[in-house]
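Here is the structure we will look at, set down as structure tokens.
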2 protein chains.
Amino acid sequence: MYSSTACDVAVPSGSPHTAYQTFPIAPVDAPVDTPKRTVARCSTCSMRAICLPPSLTTAELERLDAIICTTRNVRRGEALYRGNDAFQSIYAVRVGSFKTVVIHRDGREQVTGFQIAGDAMGLDGVYAGRHSCDAVALEDSQVCIIPFGLLEVVCREVKSMQHHVHQMMSGEIVRESGLMMLLGTMSAEQRLATFLLNLSSRFKSRGYSASEFHLRMTREEIGCYLGMKLETVSRMFSKFQREKLVDTHGKQIRITNMEGLARV
Amino acid sequence: MYSSTACDVAVPSGSPHTAYQTFPIAPVDAPVDTPKRTVARCSTCSMRAICLPPSLTTAELERLDAIICTTRNVRRGEALYRGNDAFQSIYAVRVGSFKTVVIHRDGREQVTGFQIAGDAMGLDGVYAGRHSCDAVALEDSQVCIIPFGLLEVVCREVKSMQHHVHQMMSGEIVRESGLMMLLGTMSAEQRLATFLLNLSSRFKSRGYSASEFHLRMTREEIGCYLGMKLETVSRMFSKFQREKLVDTHGKQIRITNMEGLARV
DNA sequence: CGCAGATTTGACATTCTTCAAGCCCAGTGG
DNA sequence: CCACTGGGCTTGAAGAATGTCAAATCTGCG
């Protein structure tokens, strides 16, 4: 019923992102927190369409290559940054996935997002010069490091880059508004359906299967994102299973009735 | 028990914002939607400390005066902009207050914020070139109109302005994260307490009384913001009244036990 | 003064959480 | 190879929080 390969998601042949399936992760004994010089270049990156404006000239691309030249590997469960860490850079996920978590003094936690390959992280830190949340890897992952001060320099010189950064930040604002709507007005059932459809469309836009994928987060993390308890998440999955909307085997998900799920 | 003046909030004498109490609103017969040239100038605006970075030179201030030269009056209940309107400008509230509302196709509404004098609105529109929410005046209000394209030009030339805009956008991201935490993890009682304390500190930072103020929004709008029904909002107000944390007479609010409210 | 909308309050229904028990499954060590 | 173990997941029963519906005030404004 499910693919028996190591791949999490069905990758269409010829996908522009196939390369990411096999991107080399540093061996376990390498110091995982040290940025390392790599051959990573925006000009040849397959994620370019997501991270960069479409209209850059060759010269502009070279400017970017000059500032975004390091990547960092983060192992499952480790933090890329934590709340209150000094803000220096924003990050783009190259391989793997993360969750961002806001942690209140009293211990309450709220997952504010799940980031997959192509997503940006860290823009929250610009406001106070310190990060306002933790970014934790859900699996062994790799990010591009984009020093924000240098990015600001480029944005003052390249108009399309400037506007792209503004769109990224605004997009984050819009994304969070949608999440507030979800948390404020939807039932548990609708929240989970919306979550699955959102993941589905994001996988699809990155060339993966829209209907079959592997969740890297636990039921508890999903609940923490959707504002409900893990038991409720589990019950809703069971409900979708009974109603033949989704076929779940633990973290392996297959959406069998996309329209039905949207109608919930 | 409450001030009998027309003022909504107690204004400390010598407050830098006293002028806003009597800022002239256009007469009712004036076309309220037409931007009008005014003497509004950033260089002399009493809201400057909120809207602008602290370190601008005189020359830089003059550049701003040149682009932000119009204001607009919006009467109670009218929209400054609506979802899907083409995005041109962002706005700063000069007088009055607004709510921003995300409206889902199925009619669900979620209030994503209340903006008072000194707050910015409209940054959601940068992402798609269209606004993603409605901004509706809660009382007769006035905003500065800041054409975003021109602002981007200034930001490419004035580094401190660029960083300030980035901080504004990032601040909106952080603010919304906090709201997600509220919606995702707090009880109705905690949400209302947090809401009142947040309003209080914002009034205080603008020179108004932190303990006594007038709510411009209905119980329903508060509920729509906090993810609960208006009846629940009302019950929580009654509860705070019984517990002598807050003294409410309809929309007139006096916080009598700030620490108690924070401990909820 | 009298209406329309806003607010409060009570009674009851629903949803979600809490607590508890058991299952599943992958990794591990005998 | 297989039993063991721990984390993650599922499910049931009971209870708490919040929503729904309804009725009675209250309030601002024409």
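Within each chain, counting starts at residue 1; across the structure tokens, chains are named A, B, ... in the order shown, with ligands numbered 1 upward in that order.
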Please, which residues in chain D fall within 8 Å of stretch 11-23 of chain C when counting only C-alpha atoms (C1' of nucleotides), and what is the closest atom pair and distance in Å to one decimal for each, ordered by chain then residue number, as a Markdown table?
| residue | atom | partner | partner_atom | distance |
| --- | --- | --- | --- | --- |
| D:DT10 | C1' | C:DC23 | C1' | 7.4 |
| D:DG15 | C1' | C:DT18 | C1' | 7.9 |
| D:DA16 | C1' | C:DT17 | C1' | 7.6 |
| D:DT18 | C1' | C:DT15 | C1' | 8.0 |
| D:DG19 | C1' | C:DT14 | C1' | 7.2 |
| D:DT20 | C1' | C:DA13 | C1' | 7.2 |
Just the selected residues (C-alpha atoms (C1' of nucleotides)), exported as a PDB file, in the first residue's frame, please.
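Below is the file part.pdb, written as the result:
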ATOM      1  C1'  DT D  10      -5.284   4.784  20.082  1.00  0.00           C
ATOM      2  C1'  DG D  15     -15.722  15.706  33.770  1.00  0.00           C
ATOM      3  C1'  DA D  16     -14.751  20.596  32.757  1.00  0.00           C
ATOM      4  C1'  DT D  18     -17.257  26.687  26.369  1.00  0.00           C
ATOM      5  C1'  DG D  19     -21.047  27.212  23.094  1.00  0.00           C
ATOM      6  C1'  DT D  20     -26.106  27.681  22.162  1.00  0.00           C
TER       7       DT D  20
END
Once you count only C-alpha atoms (C1' of nucleotides), which residues of chain B turn out to be within 10 Å of chain C? Could you give them as a PyMOL selection string? chain B and resi 218-220+230-231+234-235+238+250-251
Write the selection just made, keeping all heavy atoms, as an mmCIF file, in the first residue's frame?
data_model
loop_
_atom_site.group_PDB
_atom_site.id
_atom_site.type_symbol
_atom_site.label_atom_id
_atom_site.label_comp_id
_atom_site.auth_asym_id
_atom_site.auth_seq_id
_atom_site.Cartn_x
_atom_site.Cartn_y
_atom_site.Cartn_z
ATOM 1 N N THR B 218 -16.972 46.102 20.562
ATOM 2 C CA THR B 218 -18.062 45.412 21.258
ATOM 3 C C THR B 218 -17.550 44.107 21.872
ATOM 4 O O THR B 218 -16.462 43.631 21.544
ATOM 5 C CB THR B 218 -19.197 45.063 20.283
ATOM 6 O OG1 THR B 218 -18.703 44.097 19.353
ATOM 7 C CG2 THR B 218 -19.679 46.295 19.530
ATOM 8 N N ARG B 219 -18.381 43.520 22.717
ATOM 9 C CA ARG B 219 -18.037 42.214 23.285
ATOM 10 C C ARG B 219 -17.879 41.175 22.184
ATOM 11 O O ARG B 219 -17.037 40.276 22.265
ATOM 12 C CB ARG B 219 -19.141 41.754 24.247
ATOM 13 C CG ARG B 219 -19.375 42.687 25.424
ATOM 14 C CD ARG B 219 -18.234 42.658 26.398
ATOM 15 N NE ARG B 219 -18.546 43.349 27.654
ATOM 16 C CZ ARG B 219 -18.200 44.584 27.943
ATOM 17 N NH1 ARG B 219 -17.500 45.318 27.081
ATOM 18 N NH2 ARG B 219 -18.524 45.119 29.115
ATOM 19 N N GLU B 220 -18.689 41.321 21.162
ATOM 20 C CA GLU B 220 -18.601 40.373 20.059
ATOM 21 C C GLU B 220 -17.253 40.498 19.353
ATOM 22 O O GLU B 220 -16.633 39.487 18.999
ATOM 23 C CB GLU B 220 -19.740 40.616 19.058
ATOM 24 C CG GLU B 220 -19.660 39.672 17.871
ATOM 25 C CD GLU B 220 -20.981 39.552 17.142
ATOM 26 O OE1 GLU B 220 -21.761 40.532 17.140
ATOM 27 O OE2 GLU B 220 -21.234 38.470 16.570
ATOM 28 N N LEU B 230 -19.345 35.940 22.433
ATOM 29 C CA LEU B 230 -19.542 37.173 23.188
ATOM 30 C C LEU B 230 -20.082 36.902 24.584
ATOM 31 O O LEU B 230 -19.750 37.616 25.538
ATOM 32 C CB LEU B 230 -20.459 38.129 22.415
ATOM 33 C CG LEU B 230 -21.934 37.757 22.239
ATOM 34 C CD1 LEU B 230 -22.801 38.428 23.307
ATOM 35 C CD2 LEU B 230 -22.424 38.169 20.869
ATOM 36 N N GLU B 231 -20.901 35.862 24.728
ATOM 37 C CA GLU B 231 -21.429 35.534 26.054
ATOM 38 C C GLU B 231 -20.307 35.139 27.015
ATOM 39 O O GLU B 231 -20.330 35.492 28.194
ATOM 40 C CB GLU B 231 -22.444 34.380 25.973
ATOM 41 C CG GLU B 231 -23.742 34.714 25.255
ATOM 42 C CD GLU B 231 -23.688 34.334 23.788
ATOM 43 O OE1 GLU B 231 -22.583 34.336 23.212
ATOM 44 O OE2 GLU B 231 -24.754 34.031 23.217
ATOM 45 N N SER B 234 -18.537 38.206 28.156
ATOM 46 C CA SER B 234 -19.340 38.880 29.172
ATOM 47 C C SER B 234 -19.219 38.183 30.526
ATOM 48 O O SER B 234 -19.052 38.824 31.568
ATOM 49 C CB SER B 234 -20.791 38.906 28.706
ATOM 50 O OG SER B 234 -21.592 39.576 29.638
ATOM 51 N N ARG B 235 -19.293 36.867 30.502
ATOM 52 C CA ARG B 235 -19.171 36.114 31.762
ATOM 53 C C ARG B 235 -17.811 36.342 32.415
ATOM 54 O O ARG B 235 -17.709 36.452 33.642
ATOM 55 C CB ARG B 235 -19.357 34.622 31.494
ATOM 56 C CG ARG B 235 -20.799 34.194 31.387
ATOM 57 C CD ARG B 235 -20.890 32.675 31.214
ATOM 58 N NE ARG B 235 -21.569 32.320 29.988
ATOM 59 C CZ ARG B 235 -22.884 32.274 29.858
ATOM 60 N NH1 ARG B 235 -23.671 32.572 30.867
ATOM 61 N NH2 ARG B 235 -23.437 31.942 28.706
ATOM 62 N N SER B 238 -17.741 39.636 34.093
ATOM 63 C CA SER B 238 -18.480 39.556 35.360
ATOM 64 C C SER B 238 -17.634 38.874 36.429
ATOM 65 O O SER B 238 -17.637 39.263 37.596
ATOM 66 C CB SER B 238 -19.779 38.776 35.159
ATOM 67 O OG SER B 238 -20.574 39.389 34.180
ATOM 68 N N GLY B 250 -20.059 48.694 31.289
ATOM 69 C CA GLY B 250 -20.159 48.613 29.842
ATOM 70 C C GLY B 250 -18.776 48.663 29.233
ATOM 71 O O GLY B 250 -17.926 47.821 29.542
ATOM 72 N N LYS B 251 -18.533 49.667 28.421
ATOM 73 C CA LYS B 251 -17.254 49.741 27.718
ATOM 74 C C LYS B 251 -16.197 50.495 28.520
ATOM 75 O O LYS B 251 -15.036 50.547 28.111
ATOM 76 C CB LYS B 251 -17.450 50.400 26.358
ATOM 77 C CG LYS B 251 -18.192 49.458 25.413
ATOM 78 C CD LYS B 251 -18.418 50.060 24.050
ATOM 79 C CE LYS B 251 -18.749 48.962 23.056
ATOM 80 N NZ LYS B 251 -19.641 49.399 21.975
#
Please report, as a tab-separated table, each residue of chain B lying at most 10 Å from chain D, together with the nearest pair of atoms and the separation in Å rounded to one decimal; use only C-alpha atoms (C1' of nucleotides), and order rows by chain and ascending residue number.
residue	atom	partner	partner_atom	distance
B:Ser187	CA	D:DA17	C1'	8.4
B:Ala188	CA	D:DT18	C1'	8.4
B:Met228	CA	D:DT18	C1'	8.0
B:Lys229	CA	D:DG19	C1'	7.2
B:Glu231	CA	D:DG19	C1'	8.8
B:Thr232	CA	D:DT18	C1'	7.5
B:Gly250	CA	D:DT27	C1'	8.9
Rows by chain and residue number, stretch 73-185 of chain A within 10 Å of stretch 195-216 of chain A, shortest pair, only C-alpha atoms, as CSV:
residue,atom,partner,partner_atom,distance
A:Gly96,CA,A:Arg216,CA,9.1
A:Ser97,CA,A:Arg216,CA,7.6
A:Phe98,CA,A:Arg216,CA,8.9
A:Lys99,CA,A:Arg216,CA,9.8
A:Phe114,CA,A:Leu199,CA,9.1
A:Gln115,CA,A:Arg202,CA,9.9
A:Ile116,CA,A:Phe203,CA,8.5
A:Ala117,CA,A:Arg206,CA,8.1
A:Gly118,CA,A:Arg206,CA,7.9
A:Asp119,CA,A:Arg202,CA,9.8
A:Ala137,CA,A:Arg216,CA,9.6
A:Leu138,CA,A:Arg216,CA,6.0
A:Glu139,CA,A:Arg216,CA,7.1
A:Leu179,CA,A:Phe195,CA,9.6
A:Leu182,CA,A:Phe195,CA,9.3
Writer output for current selection, N, CA and C atoms, as a PDB file, in the first residue's frame:
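Once written, part.pdb looks like this:
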ATOM      1  N   GLY A  96      15.270  18.548   4.847  1.00  0.00           N
ATOM      2  CA  GLY A  96      14.702  18.215   6.145  1.00  0.00           C
ATOM      3  C   GLY A  96      13.531  19.095   6.517  1.00  0.00           C
ATOM      4  N   SER A  97      13.295  19.210   7.818  1.00  0.00           N
ATOM      5  CA  SER A  97      12.149  19.995   8.274  1.00  0.00           C
ATOM      6  C   SER A  97      12.342  20.428   9.719  1.00  0.00           C
ATOM      7  N   PHE A  98      11.650  21.489  10.067  1.00  0.00           N
ATOM      8  CA  PHE A  98      11.755  22.101  11.392  1.00  0.00           C
ATOM      9  C   PHE A  98      10.372  22.419  11.940  1.00  0.00           C
ATOM     10  N   LYS A  99      10.347  22.647  13.256  1.00  0.00           N
ATOM     11  CA  LYS A  99       9.186  23.288  13.857  1.00  0.00           C
ATOM     12  C   LYS A  99       9.689  24.546  14.544  1.00  0.00           C
ATOM     13  N   PHE A 114       5.514  24.702  10.878  1.00  0.00           N
ATOM     14  CA  PHE A 114       6.388  23.615  10.443  1.00  0.00           C
ATOM     15  C   PHE A 114       7.014  24.043   9.123  1.00  0.00           C
ATOM     16  N   GLN A 115       8.340  23.983   9.049  1.00  0.00           N
ATOM     17  CA  GLN A 115       9.022  24.435   7.840  1.00  0.00           C
ATOM     18  C   GLN A 115       9.643  23.251   7.114  1.00  0.00           C
ATOM     19  N   ILE A 116       9.389  23.178   5.827  1.00  0.00           N
ATOM     20  CA  ILE A 116       9.990  22.123   5.020  1.00  0.00           C
ATOM     21  C   ILE A 116      10.946  22.762   4.014  1.00  0.00           C
ATOM     22  N   ALA A 117      11.588  21.922   3.203  1.00  0.00           N
ATOM     23  CA  ALA A 117      12.576  22.425   2.253  1.00  0.00           C
ATOM     24  C   ALA A 117      11.997  23.579   1.439  1.00  0.00           C
ATOM     25  N   GLY A 118      12.753  24.680   1.393  1.00  0.00           N
ATOM     26  CA  GLY A 118      12.307  25.845   0.646  1.00  0.00           C
ATOM     27  C   GLY A 118      11.717  26.931   1.517  1.00  0.00           C
ATOM     28  N   ASP A 119      11.391  26.595   2.767  1.00  0.00           N
ATOM     29  CA  ASP A 119      10.808  27.595   3.663  1.00  0.00           C
ATOM     30  C   ASP A 119      11.893  28.402   4.360  1.00  0.00           C
ATOM     31  N   ALA A 137      14.893  21.001  14.677  1.00  0.00           N
ATOM     32  CA  ALA A 137      14.835  20.088  13.534  1.00  0.00           C
ATOM     33  C   ALA A 137      13.976  18.865  13.858  1.00  0.00           C
ATOM     34  N   LEU A 138      13.099  18.515  12.964  1.00  0.00           N
ATOM     35  CA  LEU A 138      12.252  17.330  13.148  1.00  0.00           C
ATOM     36  C   LEU A 138      12.937  16.085  12.604  1.00  0.00           C
ATOM     37  N   GLU A 139      14.003  16.286  11.850  1.00  0.00           N
ATOM     38  CA  GLU A 139      14.791  15.189  11.296  1.00  0.00           C
ATOM     39  C   GLU A 139      16.161  15.793  10.987  1.00  0.00           C
ATOM     40  N   LEU A 179      -3.566  31.252  10.396  1.00  0.00           N
ATOM     41  CA  LEU A 179      -3.480  30.344  11.539  1.00  0.00           C
ATOM     42  C   LEU A 179      -4.331  30.846  12.698  1.00  0.00           C
ATOM     43  N   LEU A 182      -7.743  29.864  11.982  1.00  0.00           N
ATOM     44  CA  LEU A 182      -7.902  28.446  12.293  1.00  0.00           C
ATOM     45  C   LEU A 182      -8.094  28.238  13.793  1.00  0.00           C
TER      46      LEU A 182
END
Surrounding residues of B:Leu123 excluding itself and chain neighbours under 4 positions, 12 Å, only C-alpha atoms (C1' of nucleotides), as a PyMOL selection string: (chain A and resi 166-174+177) or (chain B and resi 81+87-92+100+119+127-133+135+146-148+165-173)
Could you list, as a PyMOL selection string, every residue within 12 Å of stretch 150-161 of chain A, counting only C-alpha atoms (C1' of nucleotides) and ignoring same-chain residues fewer than 4 positions away? (chain A and resi 51-57+59-69+88-91+126+145-146+165-168) or (chain B and resi 149+152-166)
Given the selection you just returned, output its residues as a file containing C-alpha atoms, formatted as a tab-separated table (two decimals), in the first residue's frame.
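Listing of result-v9.tsv after writing:
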chain	number	residue	atom	x	y	z
A	51	CYS	CA	14.04	31.67	-2.23
A	52	LEU	CA	14.73	34.33	-4.83
A	53	PRO	CA	12.84	36.76	-7.03
A	54	PRO	CA	12.57	35.52	-10.59
A	55	SER	CA	14.17	38.46	-12.35
A	56	LEU	CA	17.70	38.62	-11.03
A	57	THR	CA	20.51	39.35	-13.44
A	59	ALA	CA	25.52	39.96	-11.73
A	60	GLU	CA	22.94	40.15	-8.98
A	61	LEU	CA	23.02	36.40	-8.51
A	62	GLU	CA	26.76	36.56	-8.08
A	63	ARG	CA	26.33	39.13	-5.34
A	64	LEU	CA	24.11	36.70	-3.50
A	65	ASP	CA	26.48	33.82	-3.97
A	66	ALA	CA	29.04	35.98	-2.25
A	67	ILE	CA	27.04	36.41	0.94
A	68	ILE	CA	25.14	33.16	1.20
A	69	CYS	CA	27.97	30.77	1.15
A	88	GLN	CA	22.26	37.42	13.11
A	89	SER	CA	20.88	35.53	10.18
A	90	ILE	CA	17.79	34.14	8.63
A	91	TYR	CA	17.73	30.62	7.29
A	126	VAL	CA	14.60	41.25	13.29
A	145	ILE	CA	22.59	30.73	6.44
A	146	ILE	CA	21.75	34.21	5.21
A	165	VAL	CA	12.31	40.18	1.17
A	166	HIS	CA	9.34	42.42	1.92
A	167	GLN	CA	7.08	39.84	0.35
A	168	MET	CA	8.62	37.08	2.43
B	149	GLY	CA	6.50	52.01	-3.37
B	152	GLU	CA	10.74	51.26	-0.57
B	153	VAL	CA	12.65	53.94	-2.47
B	154	VAL	CA	13.49	55.73	0.76
B	155	CYS	CA	14.49	52.43	2.36
B	156	ARG	CA	17.02	51.80	-0.38
B	157	GLU	CA	18.62	55.12	0.40
B	158	VAL	CA	18.31	55.45	4.15
B	159	LYS	CA	19.65	52.49	6.04
B	160	SER	CA	17.99	53.34	9.36
B	161	MET	CA	14.65	53.69	7.61
B	162	GLN	CA	15.12	50.31	5.95
B	163	HIS	CA	15.87	48.63	9.22
B	164	HIS	CA	12.93	50.34	10.88
B	165	VAL	CA	10.54	49.00	8.25
B	166	HIS	CA	12.01	45.54	8.67
